[in-house]
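Enquirer: Pasting input.txt here (compact mmCIF, C-alpha atoms and all ligand atoms):
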# COMPACT_ATOMS: atom_id res chain seq x y z
CA MET A 1108 -38.88 8.97 4.60
CA ILE A 1109 -37.05 8.07 1.39
CA SER A 1110 -33.67 9.24 2.65
CA LEU A 1111 -34.24 7.26 5.87
CA SER A 1112 -34.79 4.01 3.98
CA ILE A 1113 -31.70 4.67 1.83
CA GLN A 1114 -29.68 5.30 4.95
CA GLN A 1115 -30.94 2.06 6.51
CA LYS A 1116 -29.96 0.13 3.40
CA GLN A 1117 -26.47 1.58 3.39
CA THR A 1118 -25.86 0.58 7.00
CA LYS A 1119 -26.95 -3.04 6.50
CA LYS A 1120 -24.04 -5.45 6.72
CA ASN A 1121 -24.01 -8.58 4.66
CA VAL A 1122 -23.63 -11.90 6.42
CA LEU A 1123 -23.39 -13.84 3.16
CA ARG A 1124 -22.42 -12.74 -0.31
CA VAL A 1125 -22.22 -14.79 -3.47
CA GLU A 1126 -20.67 -13.84 -6.79
CA ASN A 1127 -21.41 -15.50 -10.13
CA LEU A 1128 -22.74 -18.57 -8.38
CA SER A 1129 -23.65 -21.49 -10.63
CA LYS A 1130 -24.55 -25.08 -9.89
CA VAL A 1131 -24.60 -27.67 -12.63
CA TYR A 1132 -26.05 -31.10 -11.90
CA ASN A 1133 -24.67 -33.84 -14.09
CA SER A 1134 -26.61 -37.03 -14.55
CA GLY A 1135 -25.32 -39.38 -17.20
CA GLU A 1136 -24.78 -37.38 -20.35
CA ASP A 1137 -27.17 -34.64 -19.25
CA SER A 1138 -26.10 -31.53 -17.41
CA PHE A 1139 -28.49 -29.02 -15.93
CA HIS A 1140 -27.79 -25.46 -14.71
CA ALA A 1141 -29.88 -25.27 -11.51
CA THR A 1142 -28.49 -21.82 -10.64
CA LYS A 1143 -26.84 -19.48 -13.11
CA ASN A 1144 -24.47 -16.62 -12.31
CA ILE A 1145 -26.20 -15.52 -9.14
CA ASN A 1146 -24.93 -12.36 -7.45
CA LEU A 1147 -26.60 -11.78 -4.12
CA GLU A 1148 -26.10 -10.43 -0.62
CA ILE A 1149 -27.93 -11.72 2.45
CA TYR A 1150 -28.05 -9.04 5.14
CA ASP A 1151 -27.39 -9.54 8.81
CA GLY A 1152 -30.63 -9.47 10.81
CA ASP A 1153 -32.91 -9.76 7.77
CA PHE A 1154 -35.78 -12.19 7.36
CA THR A 1155 -35.01 -13.10 3.75
CA VAL A 1156 -37.54 -15.15 1.83
CA ILE A 1157 -36.83 -16.93 -1.45
CA MET A 1158 -39.74 -17.73 -3.75
CA GLY A 1159 -40.11 -19.05 -7.28
CA SER A 1160 -41.90 -21.76 -9.17
CA SER A 1161 -41.15 -25.44 -8.70
CA GLY A 1162 -37.73 -26.36 -10.11
CA SER A 1163 -36.56 -22.73 -10.28
CA GLY A 1164 -33.55 -23.49 -8.06
CA LYS A 1165 -34.63 -22.30 -4.59
CA SER A 1166 -33.42 -25.34 -2.63
CA THR A 1167 -30.23 -25.49 -4.66
CA LEU A 1168 -29.50 -21.85 -3.75
CA LEU A 1169 -30.25 -22.56 -0.08
CA TYR A 1170 -27.86 -25.57 -0.09
CA LEU A 1171 -25.12 -23.42 -1.64
CA LEU A 1172 -25.61 -20.47 0.73
CA SER A 1173 -25.58 -22.75 3.75
CA GLY A 1174 -22.56 -24.79 2.69
CA LEU A 1175 -24.56 -28.01 2.44
CA ASP A 1176 -23.46 -28.27 -1.18
CA SER A 1177 -20.64 -26.71 -3.16
CA PRO A 1178 -20.98 -24.58 -6.29
CA THR A 1179 -19.76 -25.56 -9.74
CA GLU A 1180 -18.60 -21.99 -10.25
CA GLY A 1181 -18.57 -18.78 -8.26
CA ASP A 1182 -17.49 -17.47 -4.86
CA ILE A 1183 -19.25 -17.57 -1.50
CA TYR A 1184 -18.30 -15.18 1.30
CA PHE A 1185 -19.41 -15.47 4.91
CA LYS A 1186 -18.88 -12.13 6.64
CA ASN A 1187 -16.55 -11.16 3.78
CA GLU A 1188 -14.40 -14.27 4.21
CA ARG A 1189 -14.36 -16.66 1.29
CA ILE A 1190 -15.65 -20.10 2.29
CA ASP A 1191 -16.20 -22.06 -0.92
CA THR A 1192 -12.47 -22.77 -1.13
CA ASN A 1193 -12.47 -24.33 2.36
CA ASP A 1194 -11.68 -28.02 2.70
CA GLU A 1195 -14.42 -30.41 3.83
CA ARG A 1196 -13.28 -30.32 7.46
CA ALA A 1197 -13.52 -26.52 7.61
CA MET A 1198 -16.91 -26.63 5.87
CA ALA A 1199 -18.19 -29.19 8.38
CA GLN A 1200 -17.07 -26.84 11.16
CA PHE A 1201 -18.78 -23.93 9.38
CA ARG A 1202 -22.05 -25.86 9.09
CA ALA A 1203 -21.87 -27.02 12.69
CA THR A 1204 -21.25 -23.62 14.23
CA LYS A 1205 -22.38 -20.83 11.91
CA ILE A 1206 -25.61 -22.07 10.41
CA GLY A 1207 -28.77 -23.87 11.48
CA TYR A 1208 -30.98 -25.70 8.99
CA VAL A 1209 -34.69 -26.48 9.24
CA TYR A 1210 -36.09 -28.93 6.68
CA GLN A 1211 -39.62 -29.32 5.36
CA SER A 1212 -39.39 -33.03 6.14
CA ILE A 1213 -38.35 -32.14 9.72
CA ASN A 1214 -35.69 -34.86 9.68
CA LEU A 1215 -35.37 -35.68 13.39
CA LEU A 1216 -33.55 -38.89 14.31
CA PRO A 1217 -36.40 -41.34 15.08
CA ASP A 1218 -34.67 -43.26 17.88
CA LEU A 1219 -33.60 -40.20 19.87
CA SER A 1220 -35.89 -38.24 22.20
CA LEU A 1221 -36.69 -34.63 21.33
CA PHE A 1222 -34.15 -33.48 23.91
CA GLU A 1223 -31.43 -35.76 22.48
CA ASN A 1224 -32.18 -34.61 18.94
CA ILE A 1225 -31.79 -30.97 19.97
CA ALA A 1226 -28.66 -31.50 22.06
CA PHE A 1227 -26.85 -33.77 19.58
CA PRO A 1228 -25.41 -31.04 17.27
CA GLY A 1229 -24.33 -29.16 20.41
CA TYR A 1230 -22.27 -32.12 21.62
CA ILE A 1231 -20.58 -32.65 18.25
CA SER A 1232 -19.65 -28.96 18.01
CA GLY A 1233 -17.40 -29.50 21.01
CA ARG A 1234 -19.23 -27.54 23.71
CA THR A 1235 -19.48 -28.84 27.26
CA LYS A 1236 -22.30 -31.19 28.21
CA GLY A 1237 -23.62 -28.80 30.84
CA GLU A 1238 -23.67 -25.86 28.46
CA VAL A 1239 -25.47 -27.86 25.75
CA ARG A 1240 -27.95 -29.30 28.21
CA SER A 1241 -28.96 -25.97 29.66
CA LYS A 1242 -29.25 -24.36 26.20
CA ALA A 1243 -31.40 -27.28 24.97
CA LEU A 1244 -33.70 -27.03 27.98
CA SER A 1245 -34.05 -23.29 27.63
CA LEU A 1246 -34.86 -23.59 23.90
CA MET A 1247 -37.43 -26.32 24.60
CA SER A 1248 -39.06 -24.18 27.21
CA SER A 1249 -39.21 -21.09 24.99
CA LEU A 1250 -40.65 -23.16 22.12
CA ASP A 1251 -43.15 -24.80 24.48
CA ILE A 1252 -42.00 -28.39 23.99
CA ASP A 1253 -40.37 -28.91 27.39
CA LYS A 1254 -43.12 -31.29 28.52
CA GLN A 1255 -42.37 -33.52 25.52
CA LYS A 1256 -38.65 -33.59 26.29
CA ASN A 1257 -38.33 -37.37 26.66
CA ARG A 1258 -40.69 -38.38 23.88
CA LEU A 1259 -39.59 -39.79 20.55
CA PRO A 1260 -40.47 -37.74 17.44
CA SER A 1261 -43.17 -40.32 16.57
CA GLN A 1262 -44.85 -39.59 19.92
CA VAL A 1263 -45.47 -35.86 19.31
CA SER A 1264 -47.39 -33.78 16.76
CA GLY A 1265 -45.89 -32.54 13.47
CA GLY A 1266 -45.84 -28.99 14.83
CA GLN A 1267 -44.00 -30.11 17.96
CA GLN A 1268 -41.52 -32.02 15.81
CA GLN A 1269 -40.87 -28.91 13.72
CA ARG A 1270 -40.41 -26.82 16.89
CA ALA A 1271 -37.83 -29.39 18.03
CA ALA A 1272 -36.15 -29.09 14.62
CA ILE A 1273 -35.98 -25.31 15.08
CA ALA A 1274 -34.50 -25.77 18.56
CA ARG A 1275 -31.94 -28.17 17.05
CA ALA A 1276 -31.07 -25.55 14.43
CA LEU A 1277 -30.54 -22.97 17.19
CA ILE A 1278 -28.52 -25.08 19.63
CA ASN A 1279 -25.16 -23.70 18.48
CA SER A 1280 -26.40 -20.08 18.28
CA PRO A 1281 -25.92 -19.92 14.50
CA GLU A 1282 -25.38 -16.69 12.60
CA VAL A 1283 -27.98 -17.68 10.00
CA VAL A 1284 -30.96 -20.01 10.20
CA PHE A 1285 -31.98 -21.53 6.86
CA ALA A 1286 -35.47 -22.95 6.55
CA ASP A 1287 -36.58 -24.88 3.46
CA GLU A 1288 -40.38 -24.79 3.42
CA PRO A 1289 -40.61 -25.20 7.19
CA THR A 1290 -44.41 -25.10 7.16
CA GLY A 1291 -44.85 -27.36 4.14
CA ALA A 1292 -45.62 -30.50 6.14
CA LEU A 1293 -47.87 -28.79 8.69
CA ASN A 1294 -51.52 -27.76 8.94
CA VAL A 1295 -52.34 -24.05 8.74
CA GLN A 1296 -52.51 -23.52 12.50
CA GLN A 1297 -49.21 -25.32 13.22
CA GLY A 1298 -47.64 -23.51 10.28
CA GLU A 1299 -48.64 -20.15 11.77
CA ILE A 1300 -47.02 -21.10 15.07
CA ILE A 1301 -43.76 -21.94 13.27
CA LEU A 1302 -43.88 -18.63 11.35
CA ASP A 1303 -44.53 -16.74 14.60
CA ILE A 1304 -41.50 -18.43 16.15
CA LEU A 1305 -39.27 -17.52 13.20
CA THR A 1306 -40.62 -13.96 13.22
CA GLU A 1307 -39.95 -13.64 16.94
CA LEU A 1308 -36.40 -14.97 16.52
CA ASN A 1309 -35.82 -12.48 13.71
CA LYS A 1310 -37.10 -9.61 15.86
CA LYS A 1311 -34.39 -10.52 18.36
CA GLY A 1312 -31.77 -10.20 15.62
CA GLN A 1313 -31.55 -13.72 14.18
CA SER A 1314 -30.81 -13.71 10.44
CA ILE A 1315 -33.21 -16.05 8.64
CA VAL A 1316 -33.32 -17.26 5.05
CA MET A 1317 -36.49 -19.16 4.23
CA VAL A 1318 -37.73 -20.83 1.05
CA THR A 1319 -41.49 -20.99 0.73
CA HIS A 1320 -44.31 -21.45 -1.77
CA ASP A 1321 -46.79 -19.95 0.66
CA MET A 1322 -47.74 -16.28 0.11
CA LYS A 1323 -48.76 -15.76 3.73
CA ALA A 1324 -45.41 -17.13 4.88
CA ALA A 1325 -43.65 -14.87 2.38
CA CYS A 1326 -45.32 -11.87 4.04
CA ARG A 1327 -43.02 -12.41 7.03
CA ALA A 1328 -40.07 -11.28 4.90
CA ASP A 1329 -38.35 -7.96 5.04
CA ARG A 1330 -36.64 -8.92 1.77
CA LEU A 1331 -38.27 -11.16 -0.80
CA ILE A 1332 -36.15 -12.68 -3.57
CA LEU A 1333 -37.85 -14.11 -6.62
CA ILE A 1334 -35.97 -16.78 -8.54
CA LYS A 1335 -36.74 -17.77 -12.10
CA ASP A 1336 -34.90 -20.44 -14.12
CA GLY A 1337 -31.99 -20.48 -11.69
CA MET A 1338 -31.48 -16.70 -11.78
CA ILE A 1339 -32.52 -13.81 -9.55
CA ASP A 1340 -35.55 -12.31 -11.25
CA SER A 1341 -36.24 -9.46 -8.81
CA ILE A 1342 -36.13 -8.42 -5.17
CA LEU A 1343 -38.83 -6.77 -3.08
CA GLU A 1344 -37.82 -4.80 0.00
CA LEU A 1345 -40.41 -4.66 2.79
CA SER A 1346 -40.50 -3.19 6.26
CA LYS A 1347 -40.23 -5.48 9.30
CA TYR A 1348 -43.31 -7.66 9.72
CA LYS A 1349 -46.04 -6.47 12.03
CA PRO A 1350 -49.37 -8.39 12.12
CA GLU A 1351 -51.34 -5.16 11.66
CA THR A 1352 -49.60 -4.55 8.29
CA MET A 1353 -50.61 -7.97 6.91
CA VAL A 1354 -53.29 -6.75 4.48
CA GLU A 1355 -50.96 -4.19 2.95
CA ARG A 1356 -48.08 -6.71 2.81
CA GLU A 1357 -50.25 -9.36 1.17
CA ARG A 1358 -51.21 -6.86 -1.50
CA LYS A 1359 -47.56 -5.99 -2.18
CA VAL A 1360 -46.35 -9.60 -2.14
CA TYR A 1361 -49.16 -10.87 -4.39
CA SER A 1362 -48.63 -8.17 -6.96
CA PHE A 1363 -44.83 -8.64 -6.83
CA VAL A 1364 -44.99 -12.42 -7.29
CA PHE A 1365 -47.90 -12.64 -9.73
CA GLY A 1366 -46.84 -9.53 -11.60
CA LYS A 1367 -43.47 -11.14 -12.14
CA GLU A 1368 -44.56 -14.74 -12.72
CA SER A 1369 -47.30 -14.12 -15.25
N1 LIG A 1401 -29.23 -33.90 -7.65
C1 LIG A 1401 -29.79 -33.41 -8.77
N2 LIG A 1401 -29.46 -33.92 -9.98
C2 LIG A 1401 -29.99 -33.40 -11.11
N3 LIG A 1401 -30.86 -32.38 -11.15
C3 LIG A 1401 -31.23 -31.85 -9.96
C4 LIG A 1401 -30.72 -32.33 -8.72
N4 LIG A 1401 -31.27 -31.60 -7.72
C5 LIG A 1401 -32.09 -30.70 -8.32
N5 LIG A 1401 -32.06 -30.86 -9.66
C6 LIG A 1401 -32.78 -30.04 -10.65
O1 LIG A 1401 -32.41 -28.69 -10.49
C7 LIG A 1401 -33.53 -27.84 -10.62
C8 LIG A 1401 -33.68 -26.99 -9.39
O2 LIG A 1401 -34.01 -27.84 -8.30
P1 LIG A 1401 -34.39 -27.24 -6.87
O3 LIG A 1401 -34.69 -28.39 -5.97
O4 LIG A 1401 -33.34 -26.29 -6.46
O5 LIG A 1401 -35.72 -26.43 -7.24
P2 LIG A 1401 -36.80 -25.76 -6.26
O6 LIG A 1401 -37.05 -24.40 -6.81
O7 LIG A 1401 -36.36 -25.86 -4.85
O8 LIG A 1401 -38.04 -26.70 -6.55
P3 LIG A 1401 -39.29 -27.12 -5.61
O9 LIG A 1401 -40.04 -25.85 -5.34
O10 LIG A 1401 -40.07 -28.05 -6.49
O11 LIG A 1401 -38.73 -27.77 -4.39
C9 LIG A 1401 -34.75 -28.74 -10.89
O12 LIG A 1401 -34.98 -28.78 -12.28
C10 LIG A 1401 -34.29 -30.10 -10.41
O13 LIG A 1401 -34.89 -31.14 -11.14
Rewrite the coordinates I just gave you, this time as structure tokens.
Ligand SMILES: Nc1ncnc2c1ncn2[C@@H]1O[C@H](COP(=O)(O)OP(=O)(O)OP(=O)(O)O)[C@@H](O)[C@H]1O
Expert:
Amino acid sequence: MISLSIQQKQTKKNVLRVENLSKVYNSGEDSFHATKNINLEIYDGDFTVIMGSSGSGKSTLLYLLSGLDSPTEGDIYFKNERIDTNDERAMAQFRATKIGYVYQSINLLPDLSLFENIAFPGYISGRTKGEVRSKALSLMSSLDIDKQKNRLPSQVSGGQQQRAAIARALINSPEVVFADEPTGALNVQQGEIILDILTELNKKGQSIVMVTHDMKAACRADRLILIKDGMIDSILELSKYKPETMVERERKVYSFVFGKES
């Protein structure tokens, strides 16, 4: 059993790797180290969850890993190719084609229909209209929002909006989906639906990196990273999520997080 898990670990490929990653925010005369010398690998096909107390640097790390922001120091590799030295044009291309991002605030464009919101990043990534259209329709159908296709975000529920945001994140078949507290603005039931969708995507091979404060959401992880004061505090490796293992997972996750945070 032990040798099997070691073997599995050795065969995991990283999709992202960061070395000595630091981000310093400067405001006026103050400067603040939001992340400090982080060394981390994100593995292909993993459901990685990042937890930590408020202000510990979770969102900052997610922005750096996804190329939404650039580090003050350190190197970022995507599939072993360095990307933090790319120019802005190459980074825009990276963000458009290699990653998808789901925000807590959902962030759909209010004047576009759900369909248009989902298709929009597909059009700007340079794919054909027909290809984007059929991918958008298929995503909407699999996320059960096809009947709301022509509605504006304000005309659907929060859960339906977040499903549209997930479809938008998937339109360009990204290598990694980042989700920053994707259930934070939703009720428990809608939140569960979003977690089930992410879990299902991960089962099909989609790499996911999610920030959450929610212990139940964290139980979806197969790798749980705890951040403290801008540094990696510790990492918990779990098996792939199965609903029937929830009680055991909750026990492990609670004792990992509270054991470390007390
Ligand atoms: N643009 C900024 N300018 C200055 N400081 C910032 C900026 N963005 C974040 N910070 C600071 O960096 C630290 C880390 O912020 P970050 O948003 O990454 O934390 P977090 O762990 O995601 O917090 P939360 O759980 O509350 O969302 C915080 O102390 C925050 O105040």
Enquirer: Around ligand LIG 1401 (chain A), at most 7 Å away and counting all atoms listed in the file, which residues are there? Put them as a list in words, please.
Expert: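 With all atoms listed in the file and a cut-off of 7 Å, ligand LIG 1401 (chain A) is contacted by Tyr1132, Asn1133, Ser1134, Phe1139, Ala1141, Gly1159, Ser1160, Ser1161, Gly1162, Ser1163, Gly1164, Lys1165, Ser1166, Thr1167 and Leu1168 of chain A.
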Enquirer: Considering only C-alpha atoms, state which residue in the set A:Gln1200, A:Asn1224, A:Ser1249, A:Asn1121 is at the smallest distance from A:Leu1308.
Expert: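 Using only C-alpha atoms, the shortest distance to A:Leu1308 belongs to A:Ser1249.
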Enquirer: For atom CA of A:Ile1231 and atom CA of A:Phe1285, determine how far apart the two atoms are, in Å to one decimal place.
Expert: 19.6 Å
Enquirer: In Å, with one decimal, what is the gap from atom CA of A:Met1158 to atom CA of A:Tyr1348?
Expert: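 Atom-to-atom, atom CA of A:Met1158 to atom CA of A:Tyr1348, that is 17.2 Å.
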Enquirer: Neighbours of A:Arg1270 within 9 Å (only C-alpha atoms; same-chain residues fewer than 3 positions away dropped), as a VMD selection string?
Expert: chain A and resid 1247 1250 to 1252 1265 to 1267 1273 to 1275 1300 to 1301 1304
